[in-house]
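Here's the structure we're looking at; comments come further down.
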Amino acid sequence: MGQSVRNTIKEISRQHLAKGNLLFGQCLTAVGWVGGTIPELTEKDGLVELPMADVSAGGFVVGAALMGKCPIYVVRYQGFQWFNASIIANYAGKSKDLWGQPCPIFIRSIAMEGGIGPVATSSHHGLFMRMPGVKIFSPMTPKEYEGVYDYFMRGDDPMYVSEHRKSFDNKEEFHDVVIDNPDLVLFPISVTRFEMKKVLEDVGNLSVFHISQIKPFEAPEYSIESLKASKRGGIVLDDDYPDGIAKQIAYELMLKSGKPVRVLALKEYAAGFQKDSDNLPPTAEEIIQYIWNL
């Protein structure tokens, strides 16, 4: 077993800075170093501490990208993208189309849940789904993260990397599960992927296809064939609200397979700060109950 996602991110960041690139974020060197994912370096090594005005942060990062500094941009809570996203989506994402000027940014957008309120909580990768020029990935394993970074470095597009703190300790890789004539086919995204082991232990005759590349989404042909052969279609699972990426992917899967594909994601309400008002991603127990109801 190799190193964790946390250490993978940390080492990638260290090597990225050693090449003369920059890494931006708020409170990068504060207690914890962003969950232990930031190398213990200083400003002279390329760490740039941003002011706490979220609406201006994207502008600094876009400027650095246009100057060839290939920035990594760390946003501690994905919900803060509501403040950060404007100039990235409307300038960085469109710069190459409008002016032939690439604006590559590696956006580390970190999700978590539990008592952190209506703005910060959960994943918000759907924010960038409809904007041209921005690619979206959600790596949850060390090799996936390395692959996403390599993909970024080979290209010149801004990339939204939807992380989750629950993945930081993970050292294992996920593998698709393919069976003949399954009852259902599951397509988990983000932190819901960690629930699959328990779901499969409780419910037999399921195929599972893990999604880490969200946009552009390309379902492998064997997953479509499994869906076509299924008895009851599929379910897309996500840590974002359902009216966005999850339903878009479900739509594409239905067109290709001709089978119904449902969505199980966050509930349609804003999370609070108390345990009884949280809005958490589907647990294994909830997924299992949903499957039995079908």
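By order of appearance in the structure tokens: chains A, B, ..., then residues from 1 within every chain, and ligands from 1 in the order shown.
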Per residue of region 231-285 of chain A within 10 Å of region 173-182 of chain A, note the shortest atom pair and the distance in Å to one decimal, counting only C-alpha atoms, and order the rows by chain and increasing residue number, as a tab-separated table.
residue	atom	partner	partner_atom	distance
A:Lys231	CA	A:Pro182	CA	6.4
A:Arg232	CA	A:Pro182	CA	8.4
A:Gly233	CA	A:Pro182	CA	8.9
A:Gly234	CA	A:Pro182	CA	9.8
May I have the selected residues written with N, CA and C atoms, as a compact mmCIF listing (two decimals), in the first residue's frame?
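Final file, out-v7.txt:
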# COMPACT_ATOMS: atom_id res chain seq x y z
N LYS A 231 -31.42 -5.02 -14.67
CA LYS A 231 -32.87 -5.23 -14.53
C LYS A 231 -33.60 -3.92 -14.24
N ARG A 232 -32.97 -3.02 -13.45
CA ARG A 232 -33.69 -1.83 -12.99
C ARG A 232 -32.92 -0.53 -13.25
N GLY A 233 -31.95 -0.55 -14.14
CA GLY A 233 -31.26 0.68 -14.48
C GLY A 233 -30.15 1.04 -13.51
N GLY A 234 -29.98 2.33 -13.26
CA GLY A 234 -28.85 2.77 -12.46
C GLY A 234 -29.19 3.88 -11.48
Any idea what's packed within 10 Å of Ser86 (chain A), counting only C-alpha atoms, ignoring anything in its chain fewer than 4 positions away? Could you give it as a CSV table (one decimal) with C-alpha atoms, in the first residue's frame?
chain,number,residue,atom,x,y,z
A,55,VAL,CA,-14.2,37.9,-4.1
A,56,SER,CA,-10.7,39.2,-5.0
A,58,GLY,CA,-9.6,34.6,-8.0
A,59,GLY,CA,-8.3,37.8,-9.7
A,81,GLN,CA,-16.6,29.1,-4.6
A,82,TRP,CA,-19.8,31.1,-4.6
A,90,ASN,CA,-15.8,34.2,-16.7
A,91,TYR,CA,-12.2,35.0,-17.5
A,92,ALA,CA,-9.9,32.0,-17.0
A,128,PHE,CA,-18.6,25.1,-12.9
**OP:** Name the residues in contact with region 102-110 of chain A at a cut-off of 7 Å, using only C-alpha atoms, excluding same-chain residues fewer than 3 positions from it; report them as a list in words.
**Re:**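 The residues that qualify are Val62, Ala65, Leu66, Cys70, Pro71, Ile72, Tyr73, Val74, Val75, Arg76, Tyr77, Gln78, Ala92, Ser95, Lys96, Asp156, Asp157, Pro158, Met159, Tyr160, Val161, Ser162, Glu163, His164 and Arg165 of chain A.
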Selection file, N, CA and C atoms, as a short mmCIF file (atom, residue, chain, number, x, y, z; two decimals), in the first residue's frame:
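Here's the written file result_29.cif:
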data_model
loop_
_atom_site.label_atom_id
_atom_site.label_comp_id
_atom_site.auth_asym_id
_atom_site.auth_seq_id
_atom_site.Cartn_x
_atom_site.Cartn_y
_atom_site.Cartn_z
N VAL A 62 -5.85 34.37 -11.38
CA VAL A 62 -5.96 34.50 -12.83
C VAL A 62 -4.77 35.31 -13.38
N ALA A 65 -1.75 33.13 -13.50
CA ALA A 65 -1.83 32.15 -14.59
C ALA A 65 -1.49 32.80 -15.93
N LEU A 66 -1.96 34.02 -16.14
CA LEU A 66 -1.68 34.73 -17.39
C LEU A 66 -0.20 35.09 -17.52
N CYS A 70 1.45 29.13 -13.61
CA CYS A 70 0.77 27.84 -13.47
C CYS A 70 0.31 27.59 -12.02
N PRO A 71 -0.55 28.46 -11.48
CA PRO A 71 -0.85 28.41 -10.04
C PRO A 71 -1.73 27.24 -9.61
N ILE A 72 -1.43 26.76 -8.41
CA ILE A 72 -2.37 25.92 -7.67
C ILE A 72 -3.13 26.87 -6.74
N TYR A 73 -4.44 26.75 -6.72
CA TYR A 73 -5.29 27.66 -5.94
C TYR A 73 -6.09 26.82 -4.95
N VAL A 74 -5.84 27.01 -3.67
CA VAL A 74 -6.48 26.21 -2.62
C VAL A 74 -7.66 26.98 -2.02
N VAL A 75 -8.84 26.39 -2.11
CA VAL A 75 -10.04 26.95 -1.49
C VAL A 75 -10.49 25.96 -0.42
N ARG A 76 -10.42 26.38 0.85
CA ARG A 76 -10.57 25.46 1.98
C ARG A 76 -11.96 24.83 2.07
N TYR A 77 -12.99 25.53 1.63
CA TYR A 77 -14.35 25.00 1.67
C TYR A 77 -14.99 25.23 0.31
N GLN A 78 -15.55 24.17 -0.27
CA GLN A 78 -16.07 24.30 -1.62
C GLN A 78 -17.17 25.35 -1.73
N ALA A 92 -10.87 33.08 -16.77
CA ALA A 92 -9.94 31.97 -17.02
C ALA A 92 -10.55 30.93 -17.95
N SER A 95 -10.85 32.64 -21.60
CA SER A 95 -9.72 33.39 -22.14
C SER A 95 -9.19 32.78 -23.43
N LYS A 96 -9.06 31.46 -23.47
CA LYS A 96 -8.49 30.82 -24.66
C LYS A 96 -9.43 30.95 -25.86
N ASP A 156 -3.61 23.10 -20.94
CA ASP A 156 -3.50 24.52 -20.61
C ASP A 156 -4.85 25.10 -20.18
N ASP A 157 -5.73 24.23 -19.67
CA ASP A 157 -7.05 24.69 -19.23
C ASP A 157 -7.13 24.82 -17.72
N PRO A 158 -8.00 25.70 -17.21
CA PRO A 158 -8.27 25.71 -15.77
C PRO A 158 -8.98 24.41 -15.39
N MET A 159 -8.60 23.86 -14.23
CA MET A 159 -9.14 22.59 -13.81
C MET A 159 -9.68 22.70 -12.39
N TYR A 160 -10.95 22.34 -12.23
CA TYR A 160 -11.60 22.35 -10.92
C TYR A 160 -11.48 20.96 -10.32
N VAL A 161 -10.72 20.84 -9.24
CA VAL A 161 -10.47 19.55 -8.60
C VAL A 161 -11.27 19.49 -7.31
N SER A 162 -12.35 18.73 -7.35
CA SER A 162 -13.26 18.62 -6.22
C SER A 162 -12.73 17.58 -5.25
N GLU A 163 -12.10 18.04 -4.17
CA GLU A 163 -11.54 17.15 -3.15
C GLU A 163 -12.55 16.94 -2.02
N HIS A 164 -12.22 16.01 -1.12
CA HIS A 164 -13.00 15.83 0.10
C HIS A 164 -12.04 15.42 1.21
N ARG A 165 -12.19 16.09 2.35
CA ARG A 165 -11.26 15.81 3.45
C ARG A 165 -11.29 14.35 3.91
#
Original post:
Between A:Ile214, A:Met254, A:Ile38, A:Val31, which is the closest to Thr8 (chain A) once you count only C-alpha atoms?
Top reply: A:Ile38
